[in-house]
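Trainee: This is the structure I have questions about; it appears just below.
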Amino acid sequence: MRNWKRRLLAMLLAMLMILPLLVACDEGEDPPPEGGPDDGKTESTEKEIDIYFIAGQSNAAGSTVIKNADEIYADYPELKTGTNPYILYAGNSAGNSPNNTVTYDWGSVKLGLGASSTKMGPEVGMAKELSKYYNAETGKVAGIIKYAHGGTGLANTEANGNRDGNWSPPSYSEHDPDDPDLAYKGFLYRGFVEEAEKRLYELKEMGYTKINIKGLYWMQGCNDTWRYTTGESTSSKSSRWYPAAFACLVTDWRNDLKEIMRDLQGNYGGAQDMPFFIGTISRTYRLDTGVAATEARNLPFIAMQKKLAEDNANCYIIDNSVYDVMVWDEAKNEAVVVPGGTDSAHWGQADCYQIGKNVGAKLLDVCTDYQA
């Protein structure tokens with residue numbers, strides 16, 4: 001009998017100990033998330049940013065002279081204060097000289113982020129358009145990373161060499177017989193990878209726990225158009241090497257960014273199939289010897305650029321060819337810079353701003369769920 005009473009008492013004590021746990025479960029307490037209680041990452045606390053790259057030569061770096069800032073401020077006032085926290089910018093821009101490199105640390109997009117404080121690039125119009133999706137209402141944040149250098153070619157540079165190197169990607173450089181100078185072969189390609197890695201890790205230090213690689217705008221080609229005007233043999237060669245080099249560029253940059261992202265946050269972050277947006281050159285680039293010479297040099301190159309989007313997966317065209325940098329003056333019988341333009345190689349302020357907006361609109365269309 002005593003044993004029975006002792007057993008009953010023990011059962012009652014056990015029930016009293018279990019009861020608080022049962023109540024806690026009824027009140028909705030959840031077990032710790034997978035990965036342990038110290039991973040510190042939940043959906044509610046995640047700080048996220050979408051990344052867009054700009055790369056190429058001077059029209060990517062930003063060589064458009066700012067002639068009337070108020071016209072742009074009237075359309076997008078945030079560019080004047082440079083305090084929009086939803087579209088950030090960092091990067092390295094350069095003109096046609098190695099001593100003209102300008103570096104910008106992370107901050108909001110504003111005017112004067114080009115090859116000098118008096119110049120602008122596509123980032124200005126991009127920011128205006130991207131602000132339709134990245135803003136206070138949505139809470140979404142975008143970051144633009146630029147690495148660009150004026151007067152540079154994609155790969156072969158034996159006749160248009162720039163002492164700061166070219167963009168030749170590793171997998172193309174390995175079998176590029178026409179580019180013997182190892183000092184500058186792929187120098188800018190490597191510089192882009194280093195800049196991207198630096199800026200992405202800075203974002204992690206700034207508290208971003210989820211970084212998404214969204215797309216890259218490639219604005220390059222002016223320095224390679226000369227191959228279409230130097231005779232049949234070189235014209236044939238250029239139509240062969242540029243598409244091959246570009247295909248390697250797309251693959252190599254995606255692979256290198258994959259490795260950076262894997263080390264940074266344990267996944268590829270979308271880098272494995274990052275969209276490429278190819279900006280065509282102006283049809284009147286260097287229109288200094290007449291319309292016929294321009295058609296012979298620029299239009300075939302532009303046609304080749306457009307075909308790149310057809311031949312490479314997840315690549316798209318931004319058709320800048322319709323924005324002139326020069327026009328033919330019948331009275332003077334010579335080419336002149338368009339009214340309000342910059343020079344014979346770079347767009348004027350209004351067209352540069354519009355091109356940037358075109359880029360931003362295409363980015364939203366391809367890379368986000370934005371509904372116009």
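Please note that chains go A, B, ... in the order of the structure tokens, that every chain numbers its residues from 1, and that ligands are numbered from 1 in the order shown.
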I'd like the neighbourhood of Asn223 of chain A as a PyMOL selection string, where a residue qualifies if any of its atoms comes within 9 Å (using only C-alpha atoms), though same-chain residues fewer than 2 positions away should be ignored.

Mentor: chain A and resi 57+151-154+160+220-221+225-226

Trainee: Take the residues that were just selected and, keeping all heavy atoms, output them as a PDB file, in the first residue's frame.

Mentor:
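What ended up in part-v1.pdb:
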ATOM      1  N   GLN A  57      34.511  51.251 -71.485  1.00  0.00           N
ATOM      2  CA  GLN A  57      35.451  52.343 -71.693  1.00  0.00           C
ATOM      3  C   GLN A  57      34.804  53.681 -71.361  1.00  0.00           C
ATOM      4  O   GLN A  57      33.990  53.760 -70.435  1.00  0.00           O
ATOM      5  CB  GLN A  57      36.072  52.276 -73.080  1.00  0.00           C
ATOM      6  CG  GLN A  57      35.125  52.263 -74.267  1.00  0.00           C
ATOM      7  CD  GLN A  57      35.893  52.152 -75.580  1.00  0.00           C
ATOM      8  OE1 GLN A  57      35.860  51.128 -76.227  1.00  0.00           O
ATOM      9  NE2 GLN A  57      36.582  53.217 -76.000  1.00  0.00           N
ATOM     10  N   GLY A 151      39.213  54.748 -73.484  1.00  0.00           N
ATOM     11  CA  GLY A 151      40.191  54.457 -74.518  1.00  0.00           C
ATOM     12  C   GLY A 151      40.764  53.062 -74.486  1.00  0.00           C
ATOM     13  O   GLY A 151      41.912  52.854 -74.868  1.00  0.00           O
ATOM     14  N   THR A 152      39.977  52.077 -74.075  1.00  0.00           N
ATOM     15  CA  THR A 152      40.502  50.718 -73.929  1.00  0.00           C
ATOM     16  C   THR A 152      39.740  49.735 -74.804  1.00  0.00           C
ATOM     17  O   THR A 152      38.548  49.876 -75.050  1.00  0.00           O
ATOM     18  CB  THR A 152      40.426  50.250 -72.462  1.00  0.00           C
ATOM     19  OG1 THR A 152      39.093  50.445 -71.969  1.00  0.00           O
ATOM     20  CG2 THR A 152      41.384  51.052 -71.601  1.00  0.00           C
ATOM     21  N   GLY A 153      40.443  48.687 -75.251  1.00  0.00           N
ATOM     22  CA  GLY A 153      39.867  47.674 -76.111  1.00  0.00           C
ATOM     23  C   GLY A 153      39.531  46.409 -75.354  1.00  0.00           C
ATOM     24  O   GLY A 153      39.993  46.194 -74.224  1.00  0.00           O
ATOM     25  N   LEU A 154      38.742  45.566 -75.997  1.00  0.00           N
ATOM     26  CA  LEU A 154      38.343  44.311 -75.364  1.00  0.00           C
ATOM     27  C   LEU A 154      39.504  43.336 -75.261  1.00  0.00           C
ATOM     28  O   LEU A 154      39.774  42.790 -74.191  1.00  0.00           O
ATOM     29  CB  LEU A 154      37.190  43.681 -76.145  1.00  0.00           C
ATOM     30  CG  LEU A 154      36.759  42.270 -75.713  1.00  0.00           C
ATOM     31  CD1 LEU A 154      36.428  42.216 -74.237  1.00  0.00           C
ATOM     32  CD2 LEU A 154      35.577  41.799 -76.547  1.00  0.00           C
ATOM     33  N   ASN A 160      45.958  49.569 -81.122  1.00  0.00           N
ATOM     34  CA  ASN A 160      45.240  50.613 -80.377  1.00  0.00           C
ATOM     35  C   ASN A 160      45.503  50.429 -78.889  1.00  0.00           C
ATOM     36  O   ASN A 160      44.614  50.537 -78.061  1.00  0.00           O
ATOM     37  CB  ASN A 160      43.733  50.583 -80.682  1.00  0.00           C
ATOM     38  CG  ASN A 160      43.050  49.325 -80.174  1.00  0.00           C
ATOM     39  OD1 ASN A 160      43.701  48.301 -79.962  1.00  0.00           O
ATOM     40  ND2 ASN A 160      41.751  49.390 -79.971  1.00  0.00           N
ATOM     41  N   GLN A 220      31.208  49.296 -74.302  1.00  0.00           N
ATOM     42  CA  GLN A 220      32.570  49.275 -74.839  1.00  0.00           C
ATOM     43  C   GLN A 220      32.492  48.963 -76.318  1.00  0.00           C
ATOM     44  O   GLN A 220      31.547  48.357 -76.790  1.00  0.00           O
ATOM     45  CB  GLN A 220      33.409  48.219 -74.110  1.00  0.00           C
ATOM     46  CG  GLN A 220      34.904  48.240 -74.392  1.00  0.00           C
ATOM     47  CD  GLN A 220      35.294  47.515 -75.677  1.00  0.00           C
ATOM     48  OE1 GLN A 220      34.592  46.627 -76.130  1.00  0.00           O
ATOM     49  NE2 GLN A 220      36.411  47.903 -76.269  1.00  0.00           N
ATOM     50  N   GLY A 221      33.508  49.381 -77.062  1.00  0.00           N
ATOM     51  CA  GLY A 221      33.565  49.028 -78.474  1.00  0.00           C
ATOM     52  C   GLY A 221      34.170  50.090 -79.358  1.00  0.00           C
ATOM     53  O   GLY A 221      34.697  49.782 -80.425  1.00  0.00           O
ATOM     54  N   THR A 225      36.446  49.689 -83.201  1.00  0.00           N
ATOM     55  CA  THR A 225      35.825  49.888 -84.513  1.00  0.00           C
ATOM     56  C   THR A 225      36.857  50.077 -85.609  1.00  0.00           C
ATOM     57  O   THR A 225      36.560  49.852 -86.788  1.00  0.00           O
ATOM     58  CB  THR A 225      34.901  51.116 -84.505  1.00  0.00           C
ATOM     59  OG1 THR A 225      35.675  52.277 -84.164  1.00  0.00           O
ATOM     60  CG2 THR A 225      33.775  50.935 -83.504  1.00  0.00           C
ATOM     61  N   TRP A 226      38.055  50.509 -85.259  1.00  0.00           N
ATOM     62  CA  TRP A 226      39.085  50.767 -86.271  1.00  0.00           C
ATOM     63  C   TRP A 226      39.352  49.534 -87.128  1.00  0.00           C
ATOM     64  O   TRP A 226      39.781  49.640 -88.272  1.00  0.00           O
ATOM     65  CB  TRP A 226      40.389  51.209 -85.592  1.00  0.00           C
ATOM     66  CG  TRP A 226      41.036  50.116 -84.796  1.00  0.00           C
ATOM     67  CD1 TRP A 226      40.785  49.818 -83.493  1.00  0.00           C
ATOM     68  CD2 TRP A 226      41.990  49.172 -85.254  1.00  0.00           C
ATOM     69  NE1 TRP A 226      41.532  48.740 -83.098  1.00  0.00           N
ATOM     70  CE2 TRP A 226      42.295  48.325 -84.166  1.00  0.00           C
ATOM     71  CE3 TRP A 226      42.639  48.943 -86.472  1.00  0.00           C
ATOM     72  CZ2 TRP A 226      43.189  47.270 -84.264  1.00  0.00           C
ATOM     73  CZ3 TRP A 226      43.538  47.893 -86.567  1.00  0.00           C
ATOM     74  CH2 TRP A 226      43.810  47.081 -85.472  1.00  0.00           C
TER      75      TRP A 226
END

Trainee: Which residues come within 9 Å of segment 115-118 of chain A, counting only C-alpha atoms, excluding same-chain residues fewer than 6 positions away, as number ranges by chain?

Mentor: A: 58, 61-67, 92-95, 100-102, 149-150

Trainee: Tell me, as number ranges by chain, which residues lie within 9 Å of Lys128 of chain A, counting only C-alpha atoms; anything in the same chain fewer than 5 positions away does not count.

Mentor: A: 75-76, 78-79, 123, 356-357, 360

Trainee: The selected residues should be written to file as a PDB file, in the first residue's frame (atoms: N, CA, C and O atoms).

Mentor:
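Heads up, here's the output in selection-v6.pdb:
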ATOM      1  N   ASP A  75      14.313  66.990 -63.044  1.00  0.00           N
ATOM      2  CA  ASP A  75      13.698  65.691 -63.309  1.00  0.00           C
ATOM      3  C   ASP A  75      13.893  64.729 -62.147  1.00  0.00           C
ATOM      4  O   ASP A  75      13.025  63.903 -61.864  1.00  0.00           O
ATOM      5  N   TYR A  76      15.011  64.858 -61.458  1.00  0.00           N
ATOM      6  CA  TYR A  76      15.332  63.923 -60.373  1.00  0.00           C
ATOM      7  C   TYR A  76      16.082  64.679 -59.279  1.00  0.00           C
ATOM      8  O   TYR A  76      17.314  64.655 -59.219  1.00  0.00           O
ATOM      9  N   GLU A  78      16.762  64.206 -56.236  1.00  0.00           N
ATOM     10  CA  GLU A  78      17.622  63.465 -55.315  1.00  0.00           C
ATOM     11  C   GLU A  78      19.084  63.482 -55.742  1.00  0.00           C
ATOM     12  O   GLU A  78      19.992  63.293 -54.926  1.00  0.00           O
ATOM     13  N   LEU A  79      19.334  63.723 -57.030  1.00  0.00           N
ATOM     14  CA  LEU A  79      20.713  63.746 -57.512  1.00  0.00           C
ATOM     15  C   LEU A  79      21.484  64.961 -57.010  1.00  0.00           C
ATOM     16  O   LEU A  79      22.715  64.965 -56.997  1.00  0.00           O
ATOM     17  N   GLU A 123      25.193  56.015 -64.811  1.00  0.00           N
ATOM     18  CA  GLU A 123      24.651  55.790 -63.470  1.00  0.00           C
ATOM     19  C   GLU A 123      23.580  56.810 -63.086  1.00  0.00           C
ATOM     20  O   GLU A 123      22.690  56.517 -62.274  1.00  0.00           O
ATOM     21  N   GLY A 356      21.062  56.350 -69.837  1.00  0.00           N
ATOM     22  CA  GLY A 356      21.071  55.765 -68.495  1.00  0.00           C
ATOM     23  C   GLY A 356      19.690  55.313 -68.067  1.00  0.00           C
ATOM     24  O   GLY A 356      19.527  54.243 -67.475  1.00  0.00           O
ATOM     25  N   LYS A 357      18.679  56.120 -68.390  1.00  0.00           N
ATOM     26  CA  LYS A 357      17.305  55.730 -68.064  1.00  0.00           C
ATOM     27  C   LYS A 357      16.882  54.501 -68.864  1.00  0.00           C
ATOM     28  O   LYS A 357      16.168  53.631 -68.351  1.00  0.00           O
ATOM     29  N   GLY A 360      18.385  51.588 -67.098  1.00  0.00           N
ATOM     30  CA  GLY A 360      17.653  51.295 -65.871  1.00  0.00           C
ATOM     31  C   GLY A 360      16.326  50.616 -66.136  1.00  0.00           C
ATOM     32  O   GLY A 360      15.940  49.673 -65.432  1.00  0.00           O
TER      33      GLY A 360
END

Trainee: Could you give me, as a PyMOL selection string, the residues within 7 Å of Leu188 of chain A, counting only C-alpha atoms and dropping anything in the same chain fewer than 4 positions from it?

Mentor: chain A and resi 165-167+192

Trainee: Work out how far apart atom CA of Ser168 of chain A and atom CA of Cys222 of chain A are and give it in Å to one decimal.

Mentor: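 Calculated distance between atom CA of Ser168 of chain A and atom CA of Cys222 of chain A is 15.5 Å.
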
Trainee: Using only C-alpha atoms, which of the listed residues (A:Glu71, A:Lys140, A:Thr45, A:Ala196) sits closest to Pro85 of chain A?

Mentor: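 Closest residue, counting only C-alpha atoms: A:Lys140.
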
Trainee: Write out as an mmCIF file with N, CA and C atoms, in the first residue's frame which residues come within 8 Å of Val193 of chain A when counting only C-alpha atoms, dropping same-chain ones fewer than 3 positions away.

Mentor:
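Writing done, so here's out_32.cif:
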data_model
loop_
_atom_site.group_PDB
_atom_site.id
_atom_site.type_symbol
_atom_site.label_atom_id
_atom_site.label_comp_id
_atom_site.auth_asym_id
_atom_site.auth_seq_id
_atom_site.Cartn_x
_atom_site.Cartn_y
_atom_site.Cartn_z
ATOM 1 N N TYR A 189 40.360 43.498 -66.941
ATOM 2 C CA TYR A 189 39.498 42.402 -66.496
ATOM 3 C C TYR A 189 39.779 42.096 -65.027
ATOM 4 N N ARG A 190 41.048 41.946 -64.706
ATOM 5 C CA ARG A 190 41.423 41.635 -63.324
ATOM 6 C C ARG A 190 41.073 42.785 -62.391
ATOM 7 N N ALA A 196 35.116 44.597 -57.790
ATOM 8 C CA ALA A 196 33.865 43.956 -57.392
ATOM 9 C C ALA A 196 34.001 43.286 -56.039
ATOM 10 N N GLU A 197 35.078 42.546 -55.852
ATOM 11 C CA GLU A 197 35.283 41.849 -54.583
ATOM 12 C C GLU A 197 35.397 42.839 -53.427
ATOM 13 N N TRP A 253 33.544 36.255 -66.261
ATOM 14 C CA TRP A 253 33.069 37.154 -65.201
ATOM 15 C C TRP A 253 32.006 36.477 -64.341
ATOM 16 N N ASP A 256 33.974 34.101 -62.031
ATOM 17 C CA ASP A 256 34.733 34.784 -60.982
ATOM 18 C C ASP A 256 33.809 35.388 -59.925
ATOM 19 N N LEU A 257 32.695 35.955 -60.351
ATOM 20 C CA LEU A 257 31.744 36.508 -59.389
ATOM 21 C C LEU A 257 31.088 35.400 -58.571
#

Trainee: Which is closest to Thr138 of chain A among A:Tyr86, A:Gly215, A:Arg297, A:Asp105, if we use only C-alpha atoms?

Mentor: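 Closest candidate: A:Tyr86.
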
Trainee: Work out how far atom CA of Asp324 of chain A is from atom CA of Arg283 of chain A, in Å to one decimal.

Mentor: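 The value is 6.6 Å.
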
Trainee: Show which residues sit within 9 Å of Gly270 of chain A, as a VMD selection string. Count only C-alpha atoms, and ignore same-chain residues fewer than 6 positions away.

Mentor: chain A and resid 212 to 214 258 261

Trainee: Can you measure atom CA of Ile54 of chain A to atom CA of Ala148 of chain A for me? One decimal in Å is fine.

Mentor: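 Atom-to-atom, atom CA of Ile54 of chain A and atom CA of Ala148 of chain A are spaced 7.2 Å apart.
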
Trainee: Neighbours of Pro275 of chain A within 8 Å (only C-alpha atoms; same-chain residues fewer than 3 positions away dropped), as a PDB file with all heavy atoms, in the first residue's frame?

Mentor:
ATOM      1  N   LYS A 214      22.575  41.140 -59.838  1.00  0.00           N
ATOM      2  CA  LYS A 214      21.433  41.279 -60.741  1.00  0.00           C
ATOM      3  C   LYS A 214      21.789  41.462 -62.209  1.00  0.00           C
ATOM      4  O   LYS A 214      21.075  40.965 -63.084  1.00  0.00           O
ATOM      5  CB  LYS A 214      20.565  42.461 -60.274  1.00  0.00           C
ATOM      6  CG  LYS A 214      19.760  42.182 -59.019  1.00  0.00           C
ATOM      7  CD  LYS A 214      18.701  41.124 -59.299  1.00  0.00           C
ATOM      8  CE  LYS A 214      17.761  40.921 -58.138  1.00  0.00           C
ATOM      9  NZ  LYS A 214      16.695  39.961 -58.454  1.00  0.00           N
ATOM     10  N   GLY A 215      22.849  42.200 -62.530  1.00  0.00           N
ATOM     11  CA  GLY A 215      23.148  42.415 -63.933  1.00  0.00           C
ATOM     12  C   GLY A 215      24.370  43.283 -64.128  1.00  0.00           C
ATOM     13  O   GLY A 215      24.860  43.935 -63.204  1.00  0.00           O
ATOM     14  N   LEU A 216      24.868  43.305 -65.384  1.00  0.00           N
ATOM     15  CA  LEU A 216      26.053  44.091 -65.734  1.00  0.00           C
ATOM     16  C   LEU A 216      25.809  44.811 -67.057  1.00  0.00           C
ATOM     17  O   LEU A 216      25.401  44.200 -68.039  1.00  0.00           O
ATOM     18  CB  LEU A 216      27.282  43.186 -65.843  1.00  0.00           C
ATOM     19  CG  LEU A 216      28.628  43.866 -66.081  1.00  0.00           C
ATOM     20  CD1 LEU A 216      29.761  43.038 -65.464  1.00  0.00           C
ATOM     21  CD2 LEU A 216      28.924  44.078 -67.579  1.00  0.00           C
ATOM     22  N   ASN A 314      21.246  34.869 -72.005  1.00  0.00           N
ATOM     23  CA  ASN A 314      20.935  35.880 -71.002  1.00  0.00           C
ATOM     24  C   ASN A 314      21.698  37.183 -71.250  1.00  0.00           C
ATOM     25  O   ASN A 314      22.191  37.819 -70.319  1.00  0.00           O
ATOM     26  CB  ASN A 314      21.228  35.359 -69.590  1.00  0.00           C
ATOM     27  CG  ASN A 314      20.271  35.938 -68.564  1.00  0.00           C
ATOM     28  OD1 ASN A 314      19.245  36.534 -68.900  1.00  0.00           O
ATOM     29  ND2 ASN A 314      20.600  35.766 -67.295  1.00  0.00           N
ATOM     30  N   CYS A 315      21.798  37.573 -72.510  1.00  0.00           N
ATOM     31  CA  CYS A 315      22.402  38.842 -72.897  1.00  0.00           C
ATOM     32  C   CYS A 315      21.367  39.679 -73.643  1.00  0.00           C
ATOM     33  O   CYS A 315      20.557  39.139 -74.402  1.00  0.00           O
ATOM     34  CB  CYS A 315      23.635  38.621 -73.772  1.00  0.00           C
ATOM     35  SG  CYS A 315      25.058  37.935 -72.887  1.00  0.00           S
ATOM     36  N   TYR A 316      21.432  40.994 -73.449  1.00  0.00           N
ATOM     37  CA  TYR A 316      20.419  41.889 -73.996  1.00  0.00           C
ATOM     38  C   TYR A 316      21.094  43.129 -74.578  1.00  0.00           C
ATOM     39  O   TYR A 316      22.193  43.501 -74.173  1.00  0.00           O
ATOM     40  CB  TYR A 316      19.433  42.307 -72.893  1.00  0.00           C
ATOM     41  CG  TYR A 316      18.822  41.132 -72.171  1.00  0.00           C
ATOM     42  CD1 TYR A 316      19.478  40.552 -71.082  1.00  0.00           C
ATOM     43  CD2 TYR A 316      17.611  40.588 -72.586  1.00  0.00           C
ATOM     44  CE1 TYR A 316      18.930  39.452 -70.422  1.00  0.00           C
ATOM     45  CE2 TYR A 316      17.058  39.495 -71.929  1.00  0.00           C
ATOM     46  CZ  TYR A 316      17.725  38.933 -70.851  1.00  0.00           C
ATOM     47  OH  TYR A 316      17.183  37.843 -70.204  1.00  0.00           O
ATOM     48  N   CYS A 367      15.400  42.056 -64.604  1.00  0.00           N
ATOM     49  CA  CYS A 367      16.005  41.592 -63.346  1.00  0.00           C
ATOM     50  C   CYS A 367      15.095  41.671 -62.123  1.00  0.00           C
ATOM     51  O   CYS A 367      15.484  41.215 -61.043  1.00  0.00           O
ATOM     52  CB  CYS A 367      17.278  42.388 -63.052  1.00  0.00           C
ATOM     53  SG  CYS A 367      18.479  42.399 -64.388  1.00  0.00           S
TER      54      CYS A 367
END
